[in-house]
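J.: My structure is below; once you've seen it, I'll send some questions.
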Amino acid sequence: MIPAAFEYHRPGDLPAALALLQEHGDDARVIAGGHSLIPMMKLRMAEVPHLIDLQAIDALRGITIDGHRITLGAMVTQAEIIAHAGLTTHAPILREAALQIADPQVRAMGTVGGNVANGDPGNDMPGLMQCLNATFHVTGPAGSRDIPAREFYESAYLTAREDDEILTAVSFDAPTGGQAYEKQKRKIGDYATAAAAVILTRLGDRCTAASIAMTNLSDTPIWAEAAGEALVGTACGEDAVIAAITAMQAAIDPSEDNRGPAEFKRHAAGIILARAIARAWSRA
Amino acid sequence: MNDLTPDRDDRTAKLKGIGCARKRVEDARFTQGKGNYVDDIKLPGMLFGDFVRSPYAHARVKSIDTSAAMALDGVVAVLTAKDLEPLGLHWMPTLAGDKQMVLADGKVLFQGQEVAFVVARDRYIAADAVELVEVEYEELTVITDPFEALQSDVTLREDLTPGADGAHGPRRHPNHIFLWEEGDKSATEEVIAAADVVAEEMIYYHRTHPCPLETCGCVASMDKVNGKLTVYGTFQAPHVVRTVASLLSGIDEHNIRVVSPDIGGGFGNKVGVYPGYVCAIVASIVTGVPVKWVEDRMENLMATAFARDYWMKGKIAATKDGKITGLWCHVTADHGAFDACADPTKFPAGFFHICTGSYDIPVAYVGVDGVYTNKAPGGVAYRCSFRVTEAAYFIERMIEILAIELGMDAAELRRLNFIRADQFPYQSALGWEYDSGDYHTAWDKALKAVDYAGLRAEQADRVAAFKRGETRKLLGIGLTHFTEIVGAGPVKNCDILGMGMFDSCEIRIHPTGSAIARLGTISQGQGHATTFAQILASEIGIPADKITVEEGDTDTAPYGLGTYGSRSTPVAGAATALAGRKIRAKAQMIAAYLLEVHDDDVEFDIDRFVVKGAPERFKTMAEIAYAAYHQAIPGVEPGLEAVSYYDPPNMTYPFGAYICVMEIDVDTGEIAVRQFYALDDCGTRINPMVIEGQVHGGLTEALAIAMGQEIAYDEMGNVKTGTLMDFFLPTAWETPHYTTDHTETPSPHHPIGAKGVGESPNVGGVPAFSNAVHDALRPFGLRHTHMPHDHWRIWRAAHELGLHG
Amino acid sequence: MSKKMQITLTVNGTRHELLAEPRELLIHVLRERLNITGPHIGCETSHCGACTVIMGDRSVKSCTVFAAQADGASITTIEGLGTPDALHPLQEAFREHHGLQCGFCTPGMITRAAQLLKENPDPTEEEVRFGMAGNLCRCTGYQNIVKSVLAAAATINAAKEAAE
């Protein structure tokens, strides 16, 4: 497994990176942690004549918690998320999800930006960002723009980001209420058979708001709006959960792979969602 | 001096001999990154070889254009079948009496098959050149199902003469390889027809792969000046490789040196001879410089030897009281595109006919049909003796199914049918002579250790709770009592390519009382350098720490058949003990001379010879060794060396009782192993630490196989599980904690009573894990469902039982 | 072949300047160019961890890092953890507790464990199993690896306490 030859670039700031993207067009790809792209290059399934390494761009780093707004630079790694005390306090679902991505070495390299920008339906962060109603910040030759995470994914590996744009950060409001990220996988290092991100707010014994998103159950992450709505106003009891599952199952479209047939995934998705709801509710 | 003589226990302890949990001598280099594996070898001017492989499972090769690849700077050669044909090397013999294409000769028969071999200055250029070789294919009908293969009009192997016999007798269809039978078919069928109860089931043991962490590879170096070929490689049988290389290449055997350096796990994957070895050797001969070939992981999983792929149709008959009266089995064995199974010549289905297991079954029959399909060749013994794990899985599933049929507890059914201790040596209905065993003792110890009755009560409570809707997790108790057959030869029964399956040890005692022992086997992690020194320490009284054990260099080691099928301890271990006894016999003469008494008046005592009745008069082995080299002893040759070639009189029959307690989630198919108890009886225990390590490792490979590991193909013959994302190797996180235990029933025919253990945990572990899954769902009507028991298959089984409402 | 670039790597404390193609993988640069053959190649898809090295202060799989990405980095391999006369406690513990068999995964395993114990000096068994889950072993079933890591942690912590 040897990649084809390429030219390597390590721009020191964003304008330089954008200029390189402009210059090389379709021949260029940016690389963050590289743990999605490099295996594809080694299998020669991705041809990248010009590789633009973002590691030297300080502006893409850092976790900021400004009041209730949390911003993660694109180059923030899963390991940094896990280790960040502020995030653990203000958005524990991030740590919970990050811990279920790949393995320690991969998390040391894998970044938020890479995970969300790649468009791989197997990645966990895109689903989580649907749940959080995050905003993706991209910068291109025409300047910067914000794209709601829920409008970012078009199909597998196809996103709202233009080829000459770089995803610089993601931001979201610190979630309130109970949160849970539940993932079924075959083993450490695997993508999800089914995964659910759930955030619930609770007043007394009533759910006042709910956000539910699912991972690896369609060619894009799925924000199951109707599933969340099915919980609002309820005590998240059995009937409400079944209604949420039914709504979620109407929104997903799993396909068969080595993790099993679609029917199984559909069923597993329901179980995983029920678990996530129960856990989020218990924390709400 | 006598006052300083340590007591006997101390002297024994200092030897670190048999029974000592001696720390491993190998570990210093491995823990410091100083192992020397094939890919670590770098020779001056070395080139790198890489394969162009077929993307298709069945296709005609219309043309191969190598010109663009040859034009690439740094490419030295591109070999195709046309280049190998003048040398007669475009095909090669397999270990199973068939032949196999080295490079595609007119067509390809499985995805990943070797089509052309690129030789370049480094591996990057080689990989680029592989992309530039243009091959034109015409796709042909793909057959991946062995049952379909036997009905199909499509002939896969056009090179074979239709109607002509194969290596193992008549072939009844162009895609048929052999029918091999053992036992009394008509008597068995009569018993089954007349039986009170018959359990019948198709048991599939899916295709998997040994997948050692180090892939296969070699460095071939032809020294044209001296006419010597040296091949370093991942060889579990280096001496056999030398002989085969000589026969194939025409180079005299004394001019070939084969070296197995450190090997990063074998598990059967490194027994066979692969096209990469042949191509590297040819390339080195052609170019006159060393050529390295190391496959990548995808190539390893796609093209080097697979394991299992047995469809086992079984019928087991019993009285209504549960006494087994007969066993019938027919196997449809998918051998892939070429019959490259690694089995002793007479046994095309290996020792599958150990499938009567631990049970006293009066009559039995086995028939095995070997079949060609468009899958990779192989059929190696993946951490088991030849086809023994298939046999153990078969009988241990059939017993469970019979228990269901009888409405009997499966532990009790086993106990009722075990071969009794007083029946050994036991003659099985399928022709084996079991050397020793005490199954009832082991079984009772195991059941007691886990509180079997308590577990059954807990299981019943769980079922009741499940029915009340209080839980979605069921409890399974996976029982297994397995009997292995390991340590091939004897030579009269067992050979590979005509070479009898003996093994060997050569010992040289140095003048100062240390020693080197060389063996015909080769460690791949088993710790031979540690444990064989222990055997010798006990036999000759020289501390294990003063004995170097060396294997794997055919220029220095005595000829042997290698390490697989748990044969090292039963065969080479015996050779070691017997060579040690030759040393001791000579040492006795020297000691007697030095002590000025008759030979018969001295006796061996731990680390010395003493005058009988006068233990204060003695000569230590160190003193004897010194004398052997420094003193003229009348009638005794100088020096102290011995060689032993050991042809075992029989195989050894390790056994064990395993119990797995597993929770399964009926909704997601997820599992959790709560407890795993493994009792092994491998006869005399040489190093308990190493034995325990072997058991842990074998159980983990069993966990992998039972719970998800497979080489799966789609209908086009594409490998669906070609990377470690999809080919299941458990991490520390998925692997449970194991509890090990033992009984010790020595082999009566082995010089030290040892039986071998490396493969037992895989042979016994797979049915234990699988039976746990089945047992969890048994209360709801599950009889049998095929492995691997990954999440979705468990879910499907639960679904079909109506457990999802 | 693309043009070679100048790369600076500090490996086990020694600074190396070399010319390499950008596409060369860090594992190949270590093994082929610098003859540091402790880290091994097992899967090439970042699953097995045999190639694990410490880059800066993180464990990485060097089969999935381009040498160009590593330009300027400081790297520790198994060869840099201890010396024959002063072994790292993990090297001692793996031998003492039979934490290895064929040895192929061992350099990656120990190198990963070294970093794990820096990040979490007193892990539980569960934390060791989770923290070592990026490294596959085919021989040991992990039980003795886990034991070795826990034992090494105890040794390191005892030495620290003694020093304080």
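Convention: chains lettered A, B, ... in structure tokens order; per-chain residue numbering from 1; ligands numbered from 1 as shown.
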Extract, using only C-alpha atoms, all DNA, RNA and protein residues at most 12 Å from Ala142 (chain A), discarding same-chain residues fewer than 2 positions from it, and format them as a list in words.
T.: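 Counting only C-alpha atoms, the residues come to Pro15, Leu18, Ala19, Gln22, Val138, Thr139, Gly140, Ser144, Arg145, Glu162, Asp164, Glu165 and Ile166 of chain A.
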J.: Identify, on the basis of only C-alpha atoms, every residue whose closest approach to region 113-125 of chain C does not exceed 10 Å; exclude the query and any residue fewer than 2 positions from it along the same chain; express the result as a PyMOL selection string.
T.: (chain A and resi 83+104) or (chain C and resi 53-54+57-59+78+81+88-91+107-111+127-132+135+143+145-150+152-154+156-157)
J.: List every residue of region 14-115 of chain C that DSSP, applied to the backbone of this structure, assigns to strand (DSSP E), and report them as a ChimeraX atom specification.
T.: /C:14-20,52-55,58-61,74-76
J.: May I have the residues from that selection written out with all heavy atoms, as a short mmCIF file (atom, residue, chain, number, x, y, z; two decimals), in the first residue's frame?
T.:
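Below you can see result.cif, which holds the result:
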data_model
loop_
_atom_site.label_atom_id
_atom_site.label_comp_id
_atom_site.auth_asym_id
_atom_site.auth_seq_id
_atom_site.Cartn_x
_atom_site.Cartn_y
_atom_site.Cartn_z
N THR C 14 18.49 12.07 18.30
CA THR C 14 19.49 12.35 17.27
C THR C 14 18.81 13.05 16.10
O THR C 14 17.78 12.60 15.60
CB THR C 14 20.15 11.05 16.77
OG1 THR C 14 20.68 10.37 17.90
CG2 THR C 14 21.24 11.34 15.76
N ARG C 15 19.45 14.16 15.69
CA ARG C 15 18.87 14.92 14.59
C ARG C 15 19.33 14.35 13.26
O ARG C 15 20.51 14.07 13.05
CB ARG C 15 19.34 16.37 14.74
CG ARG C 15 18.71 17.36 13.80
CD ARG C 15 19.35 18.72 14.09
NE ARG C 15 19.31 19.57 12.91
CZ ARG C 15 18.30 20.40 12.65
NH1 ARG C 15 17.30 20.51 13.50
NH2 ARG C 15 18.31 21.13 11.55
N HIS C 16 18.37 14.12 12.38
CA HIS C 16 18.68 13.59 11.04
C HIS C 16 18.17 14.56 9.99
O HIS C 16 17.03 15.01 10.07
CB HIS C 16 18.00 12.24 10.80
CG HIS C 16 18.39 11.18 11.78
ND1 HIS C 16 19.46 10.35 11.58
CD2 HIS C 16 17.85 10.82 12.96
CE1 HIS C 16 19.57 9.51 12.60
NE2 HIS C 16 18.61 9.77 13.46
N GLU C 17 19.01 14.84 9.01
CA GLU C 17 18.54 15.60 7.86
C GLU C 17 18.63 14.68 6.66
O GLU C 17 19.65 14.04 6.43
CB GLU C 17 19.40 16.84 7.65
CG GLU C 17 19.11 17.89 8.71
CD GLU C 17 19.83 19.20 8.47
OE1 GLU C 17 20.41 19.35 7.39
OE2 GLU C 17 19.81 20.04 9.38
N LEU C 18 17.53 14.57 5.96
CA LEU C 18 17.56 13.64 4.85
C LEU C 18 16.68 14.13 3.71
O LEU C 18 15.80 14.98 3.90
CB LEU C 18 17.12 12.24 5.31
CG LEU C 18 15.85 12.17 6.16
CD1 LEU C 18 14.69 11.73 5.31
CD2 LEU C 18 16.06 11.19 7.30
N LEU C 19 16.93 13.55 2.55
CA LEU C 19 16.11 13.86 1.38
C LEU C 19 15.12 12.72 1.21
O LEU C 19 15.50 11.56 1.18
CB LEU C 19 16.99 13.95 0.13
CG LEU C 19 17.74 15.27 -0.09
CD1 LEU C 19 18.67 15.13 -1.30
CD2 LEU C 19 16.77 16.42 -0.30
N ALA C 20 13.87 13.10 1.10
CA ALA C 20 12.85 12.05 0.92
C ALA C 20 11.76 12.57 0.02
O ALA C 20 11.52 13.78 -0.06
CB ALA C 20 12.28 11.63 2.27
N THR C 52 3.57 2.00 15.86
CA THR C 52 3.39 3.13 16.78
C THR C 52 4.72 3.74 17.23
O THR C 52 5.64 3.02 17.63
CB THR C 52 2.60 2.68 18.02
OG1 THR C 52 1.31 2.24 17.61
CG2 THR C 52 2.47 3.82 19.04
N VAL C 53 4.80 5.06 17.12
CA VAL C 53 5.93 5.81 17.65
C VAL C 53 5.35 7.00 18.42
O VAL C 53 4.14 7.28 18.34
CB VAL C 53 6.87 6.31 16.53
CG1 VAL C 53 7.44 5.15 15.72
CG2 VAL C 53 6.17 7.31 15.61
N ILE C 54 6.19 7.67 19.17
CA ILE C 54 5.74 8.89 19.85
C ILE C 54 6.27 10.07 19.03
O ILE C 54 7.47 10.17 18.78
CB ILE C 54 6.27 8.95 21.29
CG1 ILE C 54 5.75 7.74 22.09
CG2 ILE C 54 5.84 10.26 21.96
CD1 ILE C 54 6.43 7.55 23.44
N MET C 55 5.33 10.91 18.57
CA MET C 55 5.73 12.09 17.79
C MET C 55 5.37 13.30 18.64
O MET C 55 4.18 13.52 18.92
CB MET C 55 4.98 12.09 16.45
CG MET C 55 5.42 13.20 15.50
SD MET C 55 4.89 12.89 13.79
CE MET C 55 3.21 13.48 13.84
N ARG C 58 2.59 12.75 21.42
CA ARG C 58 1.43 11.91 21.14
C ARG C 58 1.83 10.60 20.46
O ARG C 58 2.78 10.56 19.67
CB ARG C 58 0.37 12.64 20.33
CG ARG C 58 0.91 13.43 19.17
CD ARG C 58 -0.21 14.25 18.53
NE ARG C 58 0.32 15.15 17.51
CZ ARG C 58 -0.43 15.80 16.63
NH1 ARG C 58 -1.74 15.68 16.64
NH2 ARG C 58 0.12 16.59 15.74
N SER C 59 1.08 9.57 20.76
CA SER C 59 1.28 8.28 20.09
C SER C 59 0.68 8.38 18.71
O SER C 59 -0.48 8.77 18.57
CB SER C 59 0.53 7.17 20.83
OG SER C 59 1.00 7.01 22.12
N VAL C 60 1.45 7.98 17.72
CA VAL C 60 0.89 7.99 16.36
C VAL C 60 1.26 6.69 15.65
O VAL C 60 2.21 6.01 16.02
CB VAL C 60 1.39 9.20 15.53
CG1 VAL C 60 1.02 10.50 16.19
CG2 VAL C 60 2.88 9.11 15.27
N LYS C 61 0.46 6.40 14.63
CA LYS C 61 0.73 5.23 13.80
C LYS C 61 1.54 5.72 12.60
O LYS C 61 1.01 6.42 11.72
CB LYS C 61 -0.58 4.57 13.40
CG LYS C 61 -1.29 4.01 14.65
CD LYS C 61 -2.57 3.28 14.36
CE LYS C 61 -3.10 2.65 15.65
NZ LYS C 61 -4.38 1.96 15.50
N SER C 74 9.94 15.70 16.61
CA SER C 74 10.80 14.90 17.46
C SER C 74 10.09 13.56 17.69
O SER C 74 8.92 13.52 18.06
CB SER C 74 11.01 15.64 18.77
OG SER C 74 11.73 14.81 19.65
N ILE C 75 10.81 12.49 17.44
CA ILE C 75 10.17 11.17 17.43
C ILE C 75 10.90 10.22 18.37
O ILE C 75 12.14 10.20 18.40
CB ILE C 75 10.15 10.62 15.99
CG1 ILE C 75 9.12 11.43 15.20
CG2 ILE C 75 9.82 9.13 15.95
CD1 ILE C 75 9.17 11.29 13.77
N THR C 76 10.11 9.46 19.12
CA THR C 76 10.70 8.44 19.97
C THR C 76 10.18 7.08 19.52
O THR C 76 8.97 6.90 19.34
CB THR C 76 10.31 8.66 21.44
OG1 THR C 76 10.67 9.99 21.81
CG2 THR C 76 11.02 7.67 22.35
#
J.: Up to 7 Å from chain A, what residues of chain B turn up? Count only C-alpha atoms and give them as JSON, numbers by chain.
T.: {"B": [124, 127, 128, 296, 667, 668, 725, 730, 731, 734, 792]}
J.: May I have the residues from that selection written out with all heavy atoms, as a PDB file, in the first residue's frame?
T.:
ATOM      1  N   TYR B 124       8.558   1.789  -3.518  1.00  0.00           N
ATOM      2  CA  TYR B 124       7.720   2.857  -4.078  1.00  0.00           C
ATOM      3  C   TYR B 124       7.683   2.769  -5.604  1.00  0.00           C
ATOM      4  O   TYR B 124       6.632   2.867  -6.226  1.00  0.00           O
ATOM      5  CB  TYR B 124       8.237   4.221  -3.606  1.00  0.00           C
ATOM      6  CG  TYR B 124       7.855   4.514  -2.172  1.00  0.00           C
ATOM      7  CD1 TYR B 124       8.499   3.868  -1.108  1.00  0.00           C
ATOM      8  CD2 TYR B 124       6.827   5.384  -1.886  1.00  0.00           C
ATOM      9  CE1 TYR B 124       8.132   4.115   0.209  1.00  0.00           C
ATOM     10  CE2 TYR B 124       6.444   5.645  -0.565  1.00  0.00           C
ATOM     11  CZ  TYR B 124       7.106   5.003   0.468  1.00  0.00           C
ATOM     12  OH  TYR B 124       6.733   5.245   1.767  1.00  0.00           O
ATOM     13  N   ALA B 127       5.645  -0.202  -6.645  1.00  0.00           N
ATOM     14  CA  ALA B 127       4.200   0.035  -6.563  1.00  0.00           C
ATOM     15  C   ALA B 127       3.721   0.883  -7.734  1.00  0.00           C
ATOM     16  O   ALA B 127       2.645   0.644  -8.290  1.00  0.00           O
ATOM     17  CB  ALA B 127       3.868   0.717  -5.237  1.00  0.00           C
ATOM     18  N   ASP B 128       4.528   1.867  -8.121  1.00  0.00           N
ATOM     19  CA  ASP B 128       4.157   2.686  -9.286  1.00  0.00           C
ATOM     20  C   ASP B 128       4.126   1.832 -10.551  1.00  0.00           C
ATOM     21  O   ASP B 128       3.243   1.979 -11.401  1.00  0.00           O
ATOM     22  CB  ASP B 128       5.170   3.822  -9.479  1.00  0.00           C
ATOM     23  CG  ASP B 128       5.059   4.887  -8.386  1.00  0.00           C
ATOM     24  OD1 ASP B 128       4.028   4.911  -7.683  1.00  0.00           O
ATOM     25  OD2 ASP B 128       6.010   5.688  -8.252  1.00  0.00           O
ATOM     26  N   ASP B 296       1.575  -7.009   1.416  1.00  0.00           N
ATOM     27  CA  ASP B 296       0.878  -6.122   2.343  1.00  0.00           C
ATOM     28  C   ASP B 296      -0.313  -6.879   2.938  1.00  0.00           C
ATOM     29  O   ASP B 296      -0.583  -8.028   2.583  1.00  0.00           O
ATOM     30  CB  ASP B 296       0.510  -4.784   1.701  1.00  0.00           C
ATOM     31  CG  ASP B 296      -0.558  -4.891   0.614  1.00  0.00           C
ATOM     32  OD1 ASP B 296      -1.410  -5.798   0.683  1.00  0.00           O
ATOM     33  OD2 ASP B 296      -0.539  -4.051  -0.306  1.00  0.00           O
ATOM     34  N   ASP B 667     -31.268  -7.674  21.154  1.00  0.00           N
ATOM     35  CA  ASP B 667     -31.692  -6.572  20.289  1.00  0.00           C
ATOM     36  C   ASP B 667     -30.591  -6.059  19.376  1.00  0.00           C
ATOM     37  O   ASP B 667     -30.856  -5.647  18.254  1.00  0.00           O
ATOM     38  CB  ASP B 667     -32.215  -5.415  21.147  1.00  0.00           C
ATOM     39  CG  ASP B 667     -33.556  -5.763  21.774  1.00  0.00           C
ATOM     40  OD1 ASP B 667     -34.381  -6.382  21.070  1.00  0.00           O
ATOM     41  OD2 ASP B 667     -33.753  -5.439  22.952  1.00  0.00           O
ATOM     42  N   THR B 668     -29.374  -6.060  19.872  1.00  0.00           N
ATOM     43  CA  THR B 668     -28.275  -5.542  19.050  1.00  0.00           C
ATOM     44  C   THR B 668     -27.317  -6.644  18.619  1.00  0.00           C
ATOM     45  O   THR B 668     -26.466  -6.426  17.755  1.00  0.00           O
ATOM     46  CB  THR B 668     -27.451  -4.504  19.839  1.00  0.00           C
ATOM     47  OG1 THR B 668     -26.926  -5.153  21.012  1.00  0.00           O
ATOM     48  CG2 THR B 668     -28.302  -3.324  20.251  1.00  0.00           C
ATOM     49  N   MET B 725     -10.077  -3.387   9.121  1.00  0.00           N
ATOM     50  CA  MET B 725     -11.343  -2.756   9.502  1.00  0.00           C
ATOM     51  C   MET B 725     -12.434  -3.820   9.527  1.00  0.00           C
ATOM     52  O   MET B 725     -13.244  -3.884  10.445  1.00  0.00           O
ATOM     53  CB  MET B 725     -11.705  -1.647   8.507  1.00  0.00           C
ATOM     54  CG  MET B 725     -13.129  -1.128   8.618  1.00  0.00           C
ATOM     55  SD  MET B 725     -13.403  -0.128  10.094  1.00  0.00           S
ATOM     56  CE  MET B 725     -12.981   1.491   9.465  1.00  0.00           C
ATOM     57  N   PRO B 730      -9.726  -8.984  17.511  1.00  0.00           N
ATOM     58  CA  PRO B 730     -10.143  -8.260  18.713  1.00  0.00           C
ATOM     59  C   PRO B 730      -8.998  -7.436  19.293  1.00  0.00           C
ATOM     60  O   PRO B 730      -7.826  -7.819  19.187  1.00  0.00           O
ATOM     61  CB  PRO B 730     -10.527  -9.376  19.697  1.00  0.00           C
ATOM     62  CG  PRO B 730     -10.467 -10.654  18.950  1.00  0.00           C
ATOM     63  CD  PRO B 730      -9.710 -10.438  17.690  1.00  0.00           C
ATOM     64  N   THR B 731      -9.349  -6.315  19.897  1.00  0.00           N
ATOM     65  CA  THR B 731      -8.363  -5.529  20.643  1.00  0.00           C
ATOM     66  C   THR B 731      -8.437  -5.952  22.112  1.00  0.00           C
ATOM     67  O   THR B 731      -9.259  -6.786  22.488  1.00  0.00           O
ATOM     68  CB  THR B 731      -8.665  -4.020  20.549  1.00  0.00           C
ATOM     69  OG1 THR B 731      -9.812  -3.743  21.373  1.00  0.00           O
ATOM     70  CG2 THR B 731      -8.958  -3.587  19.124  1.00  0.00           C
ATOM     71  N   GLU B 734     -12.067  -5.746  23.504  1.00  0.00           N
ATOM     72  CA  GLU B 734     -13.087  -6.774  23.254  1.00  0.00           C
ATOM     73  C   GLU B 734     -12.706  -8.114  23.866  1.00  0.00           C
ATOM     74  O   GLU B 734     -13.506  -9.050  23.867  1.00  0.00           O
ATOM     75  CB  GLU B 734     -13.296  -6.993  21.745  1.00  0.00           C
ATOM     76  CG  GLU B 734     -13.912  -5.813  21.007  1.00  0.00           C
ATOM     77  CD  GLU B 734     -12.867  -4.820  20.552  1.00  0.00           C
ATOM     78  OE1 GLU B 734     -11.700  -5.212  20.365  1.00  0.00           O
ATOM     79  OE2 GLU B 734     -13.199  -3.628  20.410  1.00  0.00           O
ATOM     80  N   TRP B 792     -24.909  -8.895  13.747  1.00  0.00           N
ATOM     81  CA  TRP B 792     -26.130  -9.017  12.935  1.00  0.00           C
ATOM     82  C   TRP B 792     -26.592 -10.460  12.833  1.00  0.00           C
ATOM     83  O   TRP B 792     -27.798 -10.710  12.751  1.00  0.00           O
ATOM     84  CB  TRP B 792     -25.960  -8.383  11.556  1.00  0.00           C
ATOM     85  CG  TRP B 792     -25.115  -9.118  10.562  1.00  0.00           C
ATOM     86  CD1 TRP B 792     -23.787  -8.952  10.357  1.00  0.00           C
ATOM     87  CD2 TRP B 792     -25.548 -10.115   9.616  1.00  0.00           C
ATOM     88  NE1 TRP B 792     -23.364  -9.784   9.351  1.00  0.00           N
ATOM     89  CE2 TRP B 792     -24.411 -10.497   8.876  1.00  0.00           C
ATOM     90  CE3 TRP B 792     -26.777 -10.699   9.319  1.00  0.00           C
ATOM     91  CZ2 TRP B 792     -24.470 -11.459   7.861  1.00  0.00           C
ATOM     92  CZ3 TRP B 792     -26.845 -11.653   8.311  1.00  0.00           C
ATOM     93  CH2 TRP B 792     -25.704 -12.027   7.595  1.00  0.00           C
TER      94      TRP B 792
END
J.: By how many Å are CA of Asp103 (chain A) and CA of Ile82 (chain A) apart?
T.: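 Pair CA of Asp103 (chain A) / CA of Ile82 (chain A) returns 12.3 Å.
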J.: Please check the contacts: residues of chain C at most 6 Å away from chain A, using only C-alpha atoms, listed as a ChimeraX atom specification.
T.: /C:1-2,22-23,45,59-60,134
J.: Which residues of chain C have any atom within 8 Å of an atom in chain B when counting only C-alpha atoms, and what is the closest pair of atoms for each, with the distance in Å to one decimal? Order the rows by chain and rising number and write it as a Markdown table.
T.:
| residue | atom | partner | partner_atom | distance |
| --- | --- | --- | --- | --- |
| C:Met1 | CA | B:Ile125 | CA | 7.6 |
| C:Arg31 | CA | B:Asp40 | CA | 7.6 |
| C:Thr37 | CA | B:Asp40 | CA | 6.0 |
| C:Gly38 | CA | B:Gly33 | CA | 3.9 |
| C:Pro39 | CA | B:Gly33 | CA | 7.2 |
| C:Ile41 | CA | B:Glu214 | CA | 7.3 |
| C:Gly42 | CA | B:Leu213 | CA | 5.4 |
| C:Cys43 | CA | B:Arg297 | CA | 5.1 |
| C:Glu44 | CA | B:Arg297 | CA | 7.0 |
| C:Thr45 | CA | B:Thr723 | CA | 7.4 |
| C:His47 | CA | B:Leu724 | CA | 6.2 |
| C:Cys48 | CA | B:Leu724 | CA | 7.6 |
| C:Ile78 | CA | B:Gly33 | CA | 5.8 |
| C:Glu79 | CA | B:Gly33 | CA | 5.9 |
| C:Gly82 | CA | B:Gln32 | CA | 7.5 |
| C:Thr83 | CA | B:Gln32 | CA | 7.8 |
| C:Pro84 | CA | B:Gln32 | CA | 7.8 |
| C:Gln91 | CA | B:Thr31 | CA | 5.4 |
| C:Phe94 | CA | B:Thr31 | CA | 7.4 |
| C:Arg95 | CA | B:Asp27 | CA | 5.8 |
| C:Glu96 | CA | B:Lys23 | CA | 6.5 |
| C:His98 | CA | B:Gly693 | CA | 7.1 |
| C:Leu100 | CA | B:Asp27 | CA | 7.5 |
| C:Gln101 | CA | B:Gly525 | CA | 4.4 |
| C:Cys102 | CA | B:Gly525 | CA | 3.4 |
| C:Gly103 | CA | B:Phe30 | CA | 5.1 |
| C:Phe104 | CA | B:Gly264 | CA | 4.9 |
| C:Cys105 | CA | B:Leu213 | CA | 7.2 |
| C:Thr106 | CA | B:Thr31 | CA | 6.2 |
| C:Pro107 | CA | B:Gly33 | CA | 5.7 |
| C:Ile110 | CA | B:Thr31 | CA | 7.6 |
| C:Glu126 | CA | B:Trp733 | CA | 8.0 |
| C:Arg129 | CA | B:Ala732 | CA | 5.0 |
| C:Phe130 | CA | B:Trp733 | CA | 5.7 |
| C:Met132 | CA | B:Ala732 | CA | 6.7 |
| C:Ala133 | CA | B:Thr731 | CA | 5.3 |
| C:Gly134 | CA | B:Thr731 | CA | 7.3 |
| C:Asn135 | CA | B:Thr731 | CA | 7.0 |
| C:Leu136 | CA | B:Thr731 | CA | 5.7 |
| C:Cys137 | CA | B:Leu213 | CA | 7.2 |
| C:Arg138 | CA | B:Leu213 | CA | 6.4 |
| C:Cys139 | CA | B:Gly697 | CA | 4.7 |
| C:Thr140 | CA | B:Gly697 | CA | 4.2 |
| C:Gly141 | CA | B:Gly697 | CA | 4.2 |
| C:Tyr142 | CA | B:Ala732 | CA | 5.6 |
| C:Gln143 | CA | B:His737 | CA | 6.5 |
| C:Asn144 | CA | B:Gly693 | CA | 7.5 |
J.: Using only C-alpha atoms, determine which residues lie at most 12 Å from Glu603 (chain B), disregarding the query and same-chain residues fewer than 3 positions distant; provide the list as a PyMOL selection string.
T.: chain B and resi 584-585+587-592+595+597-600+606-615+617-620
J.: I want to know what sits within 10 Å of region 336-343 of chain B, based on only C-alpha atoms, with residues of the same chain fewer than 5 positions away left out; could you give that as number ranges by chain?
T.: B: 57-58, 93-101, 108-110, 113, 143-146, 156-157, 167, 175, 177-178, 268-269, 271-274, 305-307, 309, 348-351, 370-381, 385-387, 494-497, 564-565
J.: Going by DSSP on the backbone, which residues of region 71-281 of chain A come out as alpha helix (DSSP H)? List them as number ranges by chain.
T.: A: 78-83, 85-90, 92-98, 104-109, 112-117, 125-132, 225-231, 238-251, 262-281
J.: Enter the distance from CA of Val673 (chain B) to CA of Leu94 (chain A), in Å, rounded to one decimal.
T.: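 Pair CA of Val673 (chain B) / CA of Leu94 (chain A) returns 29.2 Å.
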